[in-house]
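The next block holds one structure in the form of structure tokens; read it before the comments.
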Amino acid sequence: MKTAEIKLTIDLDDNNVPETILWESTDSANKEAVPVKSIMLALWDQNYKNALRIDLWTKDMPVDEMKLFFYQTLMTMGDSFLRATGETNIVEDLRDYCAHFAEKMEIAKQ
């Protein structure tokens with residue numbers, strides 16, 4: 001059996017607002033802590049049948065990058081849901097919504 005660790009380090013200001021976020025993984029080719037501007041972590045609590053979440057972003061995360069981050073996260077959630085369930089029809093609906101989101105947020109396809 002193999003074990004991997006993911007480590008998040010968040011530096012907070014005096015008001016507990018993230019100033020820097022670093023992540024590293026023992027299973028990554030990159031062995032250095034990598035700076036990021038935002039994280040969304042979702043966990044499933046099987047006992048309570050409830051999603052647990054941590055959403056953080058640094059105070060200097062630009063709004064245009066946050067919009068793109070949400071768009072890309074929604075798209076990859078659709079990909080993950082498709083792999084997990086095979087539910088093609090609803091994933092196509094989600095992708096349609098993502099296109100609508102990108103248009104409303106004026107996100108150029110990147």
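By order in the structure tokens, chains are A, B, ...; within a chain, residues start at 1; ligands start at 1, following the order shown.
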
- Contacts of A:Ser25 at 8 Å or less, counting only C-alpha atoms, minus same-chain residues fewer than 6 places along, as a VMD selection string? chain A and resid 4 to 7 31

For those residues, write C-alpha atoms to a file as a compact mmCIF listing (two decimals), in the first residue's frame.
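Written output follows (part_13.txt):
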# COMPACT_ATOMS: atom_id res chain seq x y z
CA ALA A 4 0.75 10.20 0.04
CA GLU A 5 0.45 13.43 2.00
CA ILE A 6 -0.83 16.80 0.88
CA LYS A 7 0.23 19.74 3.00
CA LYS A 31 9.15 18.55 -4.08

- Query: Near stretch 39-50 of chain A, counting only C-alpha atoms, which residues have an atom at most 9 Å away, once you skip same-chain residues fewer than 5 positions from it, shown as JSON, numbers by chain?
  - Reply: {"A": [21, 55, 56, 57, 73]}

- Using only C-alpha atoms, which of the listed residues (A:His100, A:Lys37, A:Arg53, A:Lys2) sits closest to A:Met75? A:His100

- Task: For A:Glu92, list every protein, DNA or RNA residue within 12 Å, evaluated using only C-alpha atoms, and leave out those in the same chain fewer than 3 positions away; present the list as a PyMOL selection string.
- Result: chain A and resi 75+77-79+81-82+86-89+95-99

Go ahead and write the residues just picked, C-alpha atoms, as a PDB file, in the first residue's frame.
ATOM      1  CA  MET A  75     -15.687  22.371 -15.599  1.00  0.00           C
ATOM      2  CA  MET A  77     -16.191  19.041 -11.363  1.00  0.00           C
ATOM      3  CA  GLY A  78     -18.219  18.000 -14.388  1.00  0.00           C
ATOM      4  CA  ASP A  79     -15.328  15.864 -15.646  1.00  0.00           C
ATOM      5  CA  PHE A  81     -18.702  13.616 -11.932  1.00  0.00           C
ATOM      6  CA  LEU A  82     -18.736  11.986 -15.372  1.00  0.00           C
ATOM      7  CA  GLY A  86     -21.152   8.008 -16.121  1.00  0.00           C
ATOM      8  CA  GLU A  87     -24.055  10.509 -16.083  1.00  0.00           C
ATOM      9  CA  THR A  88     -23.404  12.052 -19.517  1.00  0.00           C
ATOM     10  CA  ASN A  89     -26.666  14.009 -19.859  1.00  0.00           C
ATOM     11  CA  ARG A  95     -21.050  22.256 -19.369  1.00  0.00           C
ATOM     12  CA  ASP A  96     -23.834  24.316 -20.954  1.00  0.00           C
ATOM     13  CA  TYR A  97     -24.143  26.222 -17.680  1.00  0.00           C
ATOM     14  CA  CYS A  98     -20.358  26.698 -17.585  1.00  0.00           C
ATOM     15  CA  ALA A  99     -20.506  28.245 -21.072  1.00  0.00           C
TER      16      ALA A  99
END

- Message: I'd like to know which residues of stretch 3-109 of chain A are helix (DSSP H, G or I) (by DSSP, run on the backbone); could you write them as a ChimeraX atom specification?
- Response: /A:63-85,88-104

- Residues near A:Phe101, cut-off 10 Å, only C-alpha atoms, skip fewer than 6 positions along chain, as a PyMOL selection string: chain A and resi 67-68+70-71+74+95+107

- Task: Skip A:Asp60 itself and residues of its chain fewer than 2 positions away, then list as number ranges by chain all residues within 8 Å of it, counting only C-alpha atoms.
- Result: A: 19, 37, 58, 62

Hey, can you spit out that residue selection with C-alpha atoms as a PDB file, in the first residue's frame?
ATOM      1  CA  GLU A  19      -1.781  36.417   2.770  1.00  0.00           C
ATOM      2  CA  LYS A  37      -3.742  32.241  -4.738  1.00  0.00           C
ATOM      3  CA  THR A  58      -5.368  35.422  -0.698  1.00  0.00           C
ATOM      4  CA  PRO A  62      -7.471  39.380  -8.692  1.00  0.00           C
TER       5      PRO A  62
END

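Across the structure, atom CA of A:Ser38 and atom CA of A:Asp64 are spaced 12.8 Å apart.
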
- If you run DSSP on this backbone, which residues of stretch 27-87 of chain A come out as strand (DSSP E or B), and could you give them as a PyMOL selection string? chain A and resi 34-36+38-45+50-57

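Here atom CA of A:Thr9 and atom CA of A:Ile54 stand 13.1 Å from one another.
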
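Distances here use only C-alpha atoms; by that measure, the residue among A:Val17, A:Leu94, A:Val34, A:Met105 closest to A:Met61 is A:Val17.
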
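For the pair atom CA of A:Glu32 and atom CA of A:Pro18, the interatomic distance is 19.9 Å.
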